[in-house]
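Notes for the one structure printed next.
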Amino acid sequence: MVKIFIDPGHGGSDSGATGNGLLEKNLTLQISVMIRDMLSQYQNTEVKMSRTTDVFVPLKERTDSANEWGAEFLLSVHINAFNGAASGYEDYIFPGAAGAAVTYQNIIHEEVLKETGFSDRGKKQGNLHMLRESRMPALLTENGFIDNASDAAKLKQQAYIERIAQGHVNGLVRAFNLKEKTPKPPYWDGVEMKQGQIGRISILKRINLWKRDANNRLTFVRILQPGERYRVYGYDTLYGGQYNVGSGYWITNMDGYIKYETPSKEMLQRTEEYYNS
Ligand SMILES: [Zn+2]
């Protein structure tokens, strides 16, 4: 499980930077929630946020929460301000940070710029609380200048906010080698694979369908007709060998009466992934 801590900068009584009718705390929350939602499409990825609403959370509480949770990475999302005199994107790691923090900064920096088209203000280092007090690699991103008319015009567009989030997600996907969840269960010859399915039986000649009770005693249910197909969830050697076709029903393995097939290993793996991710 990859544990990613997302920290929307500021909140509540701390609005962060302001300008052009925008508040930093609202933009950072919008971007962070989008990042979280986009990451929910990936396998084995867990996200925790320092806040999900417009509330004030002290910086210490934020890093304590990331540290206690055991996050693998901390991403702090901000918007810049500089008296209207600057524009573009920059990000920060702790001064002298090495290894993973540098790698993640390189990757996320590149992906955010690629997705947003922000002008590149560089990969920077800063002695900031979120970077200093977190025990895991951490990155703080500054996504445009709220007091710059041209950046603010972009930040007012939902589609642009989405691109900022997407850029961060693309970076995280690359940095942590995240794999997308299988969107649908695989289909085997047009029939959906079910959880735990290992194969299927085609009826060739009329044969009995049995139900087993808790003590594996058989009760006759009905006669199955040639051409019918059933999903198979298991096999055991009772009664000369029987296939488990689900819900307590069993079909005896009689040569010439049934045909048993298994899907490809790849399909079984995708089935497992779909139901277990
Ligand atoms: Zn900020």
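Within each chain, counting starts at residue 1; across the structure tokens, chains are named A, B, ... in the order shown, with ligands numbered 1 upward in that order.
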All residues 10 Å or closer to Tyr239 (chain A), only C-alpha atoms, same chain fewer than 5 positions away omitted, as an NGL selection string: :A and (216 or 218 or 251-253)
Kindly provide the residues of region 101-169 of chain A that approach region 36-48 of chain A to within 12 Å, each paired with its closest atom pair and their distance in Å to one decimal, based on only C-alpha atoms, listed by chain and increasing number, as CSV.
```
residue,atom,partner,partner_atom,distance
A:Glu162,CA,A:Met38,CA,9.9
A:Arg163,CA,A:Met38,CA,11.4
A:Ile164,CA,A:Met38,CA,11.9
A:Ala165,CA,A:Met38,CA,8.3
A:Gln166,CA,A:Met38,CA,7.7
A:Gly167,CA,A:Met38,CA,10.9
A:His168,CA,A:Met38,CA,10.0
A:Val169,CA,A:Leu39,CA,6.8
```
Emit the selected residues as an mmCIF file, in the first residue's frame, including N, CA and C atoms.
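Output file result.cif is given in full below:
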```
data_model
loop_
_atom_site.group_PDB
_atom_site.id
_atom_site.type_symbol
_atom_site.label_atom_id
_atom_site.label_comp_id
_atom_site.auth_asym_id
_atom_site.auth_seq_id
_atom_site.Cartn_x
_atom_site.Cartn_y
_atom_site.Cartn_z
ATOM 1 N N GLU A 162 -8.229 21.469 -12.639
ATOM 2 C CA GLU A 162 -8.172 20.030 -12.916
ATOM 3 C C GLU A 162 -6.835 19.640 -13.544
ATOM 4 N N ARG A 163 -6.313 20.507 -14.393
ATOM 5 C CA ARG A 163 -5.018 20.203 -15.008
ATOM 6 C C ARG A 163 -3.899 20.246 -13.972
ATOM 7 N N ILE A 164 -4.003 21.177 -13.041
ATOM 8 C CA ILE A 164 -3.002 21.227 -11.966
ATOM 9 C C ILE A 164 -3.031 19.917 -11.170
ATOM 10 N N ALA A 165 -4.260 19.492 -10.817
ATOM 11 C CA ALA A 165 -4.407 18.235 -10.065
ATOM 12 C C ALA A 165 -3.873 17.064 -10.889
ATOM 13 N N GLN A 166 -4.250 17.039 -12.162
ATOM 14 C CA GLN A 166 -3.819 15.949 -13.043
ATOM 15 C C GLN A 166 -2.295 15.893 -13.139
ATOM 16 N N GLY A 167 -1.660 17.049 -13.218
ATOM 17 C CA GLY A 167 -0.195 17.091 -13.275
ATOM 18 C C GLY A 167 0.428 16.460 -12.039
ATOM 19 N N HIS A 168 -0.100 16.795 -10.870
ATOM 20 C CA HIS A 168 0.394 16.181 -9.626
ATOM 21 C C HIS A 168 0.172 14.669 -9.654
ATOM 22 N N VAL A 169 -1.025 14.259 -10.097
ATOM 23 C CA VAL A 169 -1.344 12.824 -10.130
ATOM 24 C C VAL A 169 -0.416 12.099 -11.106
#
```
At most 12 Å from ligand 1 (only C-alpha atoms and all ligand atoms): residue list as a PyMOL selection string: chain A and resi 7-11+14-18+23-29+59+76-82+91-92+128-130+140-146
Using C-alpha atoms, can you write the selected residues to a file as a compact mmCIF listing (two decimals), in the first residue's frame?
```
# COMPACT_ATOMS: atom_id res chain seq x y z
CA ASP A 7 -1.90 18.81 2.65
CA PRO A 8 -4.10 21.58 1.25
CA GLY A 9 -2.31 24.73 2.42
CA HIS A 10 -3.99 27.10 4.92
CA GLY A 11 -7.74 26.94 5.78
CA ASP A 14 -5.91 31.46 7.63
CA SER A 15 -6.88 32.29 4.06
CA GLY A 16 -3.30 32.21 2.79
CA ALA A 17 -2.50 34.48 -0.12
CA THR A 18 -5.31 36.53 -1.66
CA LEU A 23 -8.37 32.90 -1.64
CA GLU A 24 -5.43 30.51 -1.57
CA LYS A 25 -7.11 28.24 1.02
CA ASN A 26 -10.01 27.50 -1.36
CA LEU A 27 -7.82 26.75 -4.36
CA THR A 28 -5.48 24.46 -2.42
CA LEU A 29 -8.48 22.52 -1.11
CA LEU A 59 1.08 23.18 10.94
CA SER A 76 1.70 20.22 0.41
CA VAL A 77 -0.29 22.23 -2.12
CA HIS A 78 -0.04 26.04 -2.22
CA ILE A 79 -0.59 29.08 -4.40
CA ASN A 80 2.03 31.79 -4.57
CA ALA A 81 1.88 35.60 -4.23
CA PHE A 82 4.41 38.32 -4.99
CA ASP A 91 8.23 23.63 -5.81
CA TYR A 92 10.28 23.07 -2.68
CA LEU A 128 9.51 25.24 5.63
CA HIS A 129 7.65 23.56 8.48
CA MET A 130 5.87 20.98 6.30
CA LEU A 140 5.57 21.71 -1.37
CA THR A 141 4.20 23.00 -4.66
CA GLU A 142 3.36 26.64 -5.45
CA ASN A 143 0.85 26.60 -8.28
CA GLY A 144 0.82 30.02 -9.89
CA PHE A 145 0.53 33.47 -8.37
CA ILE A 146 -2.86 34.46 -7.01
```
Those of region 103-250 of chain A in DSSP strand (DSSP E or B), formatted as JSON, numbers by chain: {"A": [120, 121, 122, 123, 124, 125, 138, 139, 140, 141, 142, 143, 144, 145, 180, 187, 188, 191, 192, 199, 200, 201, 202, 203, 207, 208, 209, 210, 211, 212, 218, 219, 220, 221, 222, 223, 224, 229, 230, 231, 232, 234, 235, 236, 242, 243, 244, 249, 250]}
Write out the residues from the selection above, keeping N, CA and C atoms, as a short mmCIF file (atom, residue, chain, number, x, y, z; two decimals), in the first residue's frame.
```
data_model
loop_
_atom_site.label_atom_id
_atom_site.label_comp_id
_atom_site.auth_asym_id
_atom_site.auth_seq_id
_atom_site.Cartn_x
_atom_site.Cartn_y
_atom_site.Cartn_z
N ASP A 120 8.17 27.97 -15.85
CA ASP A 120 8.96 27.19 -14.90
C ASP A 120 9.85 28.11 -14.07
N ARG A 121 9.54 28.20 -12.76
CA ARG A 121 10.35 29.03 -11.87
C ARG A 121 11.41 28.21 -11.14
N GLY A 122 11.43 26.93 -11.43
CA GLY A 122 12.53 26.12 -10.93
C GLY A 122 12.19 25.22 -9.75
N LYS A 123 13.11 24.27 -9.55
CA LYS A 123 13.02 23.34 -8.42
C LYS A 123 13.83 23.95 -7.30
N LYS A 124 13.18 24.21 -6.17
CA LYS A 124 13.83 24.99 -5.12
C LYS A 124 13.91 24.22 -3.81
N GLN A 125 14.62 24.82 -2.86
CA GLN A 125 14.72 24.26 -1.51
C GLN A 125 14.29 25.34 -0.53
N ALA A 138 9.12 14.89 1.30
CA ALA A 138 8.01 15.85 1.20
C ALA A 138 8.30 16.89 0.13
N LEU A 139 7.22 17.34 -0.48
CA LEU A 139 7.31 18.35 -1.53
C LEU A 139 6.21 19.37 -1.32
N LEU A 140 6.56 20.65 -1.46
CA LEU A 140 5.57 21.71 -1.37
C LEU A 140 5.51 22.39 -2.73
N THR A 141 4.32 22.41 -3.32
CA THR A 141 4.20 23.00 -4.66
C THR A 141 3.50 24.35 -4.58
N GLU A 142 3.96 25.29 -5.37
CA GLU A 142 3.36 26.64 -5.45
C GLU A 142 2.83 26.79 -6.87
N ASN A 143 1.50 26.72 -6.98
CA ASN A 143 0.85 26.60 -8.28
C ASN A 143 0.33 27.93 -8.81
N GLY A 144 1.22 28.74 -9.32
CA GLY A 144 0.82 30.02 -9.89
C GLY A 144 0.73 31.09 -8.82
N PHE A 145 0.59 32.31 -9.26
CA PHE A 145 0.53 33.47 -8.37
C PHE A 145 -0.88 34.05 -8.36
N GLU A 180 -3.41 1.62 -12.55
CA GLU A 180 -4.84 1.91 -12.55
C GLU A 180 -5.66 0.67 -12.18
N TYR A 187 -14.38 -10.20 -19.25
CA TYR A 187 -15.43 -11.02 -19.85
C TYR A 187 -14.78 -12.19 -20.57
N TRP A 188 -15.35 -13.38 -20.33
CA TRP A 188 -14.82 -14.59 -20.98
C TRP A 188 -15.88 -15.05 -21.97
N VAL A 191 -19.12 -13.43 -21.25
CA VAL A 191 -19.75 -13.63 -19.93
C VAL A 191 -18.81 -13.11 -18.84
N GLU A 192 -19.39 -12.29 -17.96
CA GLU A 192 -18.59 -11.67 -16.90
C GLU A 192 -17.98 -12.71 -15.97
N GLY A 199 -13.17 -21.39 -13.59
CA GLY A 199 -13.39 -22.01 -14.89
C GLY A 199 -14.86 -22.07 -15.22
N ARG A 200 -15.23 -22.94 -16.21
CA ARG A 200 -16.64 -23.10 -16.54
C ARG A 200 -16.87 -24.53 -17.03
N ILE A 201 -18.12 -24.93 -16.92
CA ILE A 201 -18.53 -26.26 -17.39
C ILE A 201 -19.57 -26.08 -18.47
N SER A 202 -19.40 -26.81 -19.56
CA SER A 202 -20.45 -26.88 -20.58
C SER A 202 -21.07 -28.27 -20.50
N ILE A 203 -22.40 -28.32 -20.48
CA ILE A 203 -23.10 -29.62 -20.39
C ILE A 203 -23.17 -30.22 -21.80
N ILE A 207 -27.35 -34.36 -17.36
CA ILE A 207 -26.63 -34.76 -16.13
C ILE A 207 -27.29 -34.08 -14.93
N ASN A 208 -27.16 -34.69 -13.77
CA ASN A 208 -27.81 -34.16 -12.56
C ASN A 208 -27.10 -32.95 -11.97
N LEU A 209 -27.90 -32.03 -11.47
CA LEU A 209 -27.37 -30.94 -10.64
C LEU A 209 -27.69 -31.31 -9.19
N TRP A 210 -26.64 -31.22 -8.34
CA TRP A 210 -26.79 -31.59 -6.94
C TRP A 210 -26.62 -30.39 -6.04
N LYS A 211 -27.28 -30.46 -4.89
CA LYS A 211 -27.01 -29.48 -3.85
C LYS A 211 -26.42 -30.22 -2.66
N ARG A 212 -25.36 -29.63 -2.08
CA ARG A 212 -24.78 -30.23 -0.87
C ARG A 212 -25.25 -29.46 0.34
N LEU A 218 -25.84 -35.03 -0.44
CA LEU A 218 -26.37 -34.56 -1.72
C LEU A 218 -27.89 -34.60 -1.77
N THR A 219 -28.46 -33.58 -2.38
CA THR A 219 -29.88 -33.59 -2.72
C THR A 219 -29.98 -33.35 -4.22
N PHE A 220 -30.78 -34.13 -4.89
CA PHE A 220 -30.97 -33.93 -6.32
C PHE A 220 -31.76 -32.64 -6.55
N VAL A 221 -31.32 -31.81 -7.50
CA VAL A 221 -32.03 -30.54 -7.78
C VAL A 221 -32.81 -30.64 -9.08
N ARG A 222 -32.09 -30.91 -10.18
CA ARG A 222 -32.77 -31.05 -11.47
C ARG A 222 -31.78 -31.62 -12.47
N ILE A 223 -32.29 -31.87 -13.66
CA ILE A 223 -31.42 -32.39 -14.73
C ILE A 223 -31.00 -31.23 -15.62
N LEU A 224 -29.68 -31.13 -15.86
CA LEU A 224 -29.15 -30.07 -16.71
C LEU A 224 -29.16 -30.54 -18.17
N ARG A 229 -24.33 -23.75 -19.64
CA ARG A 229 -22.99 -23.46 -19.13
C ARG A 229 -23.07 -22.95 -17.70
N TYR A 230 -22.10 -23.34 -16.89
CA TYR A 230 -22.07 -22.89 -15.50
C TYR A 230 -20.67 -22.44 -15.11
N ARG A 231 -20.62 -21.39 -14.30
CA ARG A 231 -19.34 -20.95 -13.75
C ARG A 231 -18.87 -21.98 -12.72
N VAL A 232 -17.56 -22.18 -12.65
CA VAL A 232 -16.99 -23.11 -11.69
C VAL A 232 -16.10 -22.36 -10.71
N GLY A 234 -14.66 -24.20 -7.93
CA GLY A 234 -13.77 -25.12 -7.22
C GLY A 234 -14.06 -26.55 -7.64
N TYR A 235 -13.23 -27.46 -7.12
CA TYR A 235 -13.37 -28.89 -7.45
C TYR A 235 -12.96 -29.66 -6.22
N ASP A 236 -13.68 -30.73 -5.91
CA ASP A 236 -13.14 -31.64 -4.90
C ASP A 236 -13.45 -33.08 -5.29
N GLN A 242 -16.33 -33.67 -8.01
CA GLN A 242 -17.44 -32.77 -8.35
C GLN A 242 -16.94 -31.34 -8.50
N TYR A 243 -17.59 -30.63 -9.42
CA TYR A 243 -17.29 -29.21 -9.63
C TYR A 243 -18.28 -28.37 -8.82
N ASN A 244 -17.72 -27.38 -8.12
CA ASN A 244 -18.54 -26.43 -7.36
C ASN A 244 -18.98 -25.32 -8.32
N TYR A 249 -24.23 -25.62 -5.11
CA TYR A 249 -24.57 -26.55 -6.19
C TYR A 249 -23.32 -27.21 -6.76
N TRP A 250 -23.46 -28.48 -7.13
CA TRP A 250 -22.32 -29.25 -7.60
C TRP A 250 -22.72 -30.10 -8.81
#
```
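Taking CA of Leu172 (chain A) and CA of Val102 (chain A) as endpoints, the distance between them is 13.3 Å.
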Residue list (alpha helix (DSSP H), DSSP) for region 23-256 of chain A, as a ChimeraX atom specification: /A:24-39,59-69,100-116,129-132,149-155,158-176
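Take CA of Ile31 (chain A) and CA of Ser277 (chain A): the distance between them is 24.9 Å.
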Residues within 8 Å of Pro95 (chain A), only C-alpha atoms, excluding chain neighbours under 2 positions, as an MDAnalysis selection string: chainID A and resid 93 97 125:127
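CA of Gly196 (chain A) sits 20.7 Å away from CA of Ile258 (chain A).
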Selection: 6 Å around Phe118 (chain A), only C-alpha atoms, excl. self and same-chain fewer than 4 positions, as a VMD selection string: chain A and resid 88 to 89 113
Shortest interatomic distance to Lys60 (chain A) - which of A:Leu75, A:Leu131, A:Leu238, A:Ala175, counting only C-alpha atoms: A:Leu131
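You can rank A:Met193, A:Leu178, A:Ala159, A:Ile198 by their closest distance to Glu115 (chain A) using only C-alpha atoms, and at the top of that list sits A:Ala159.
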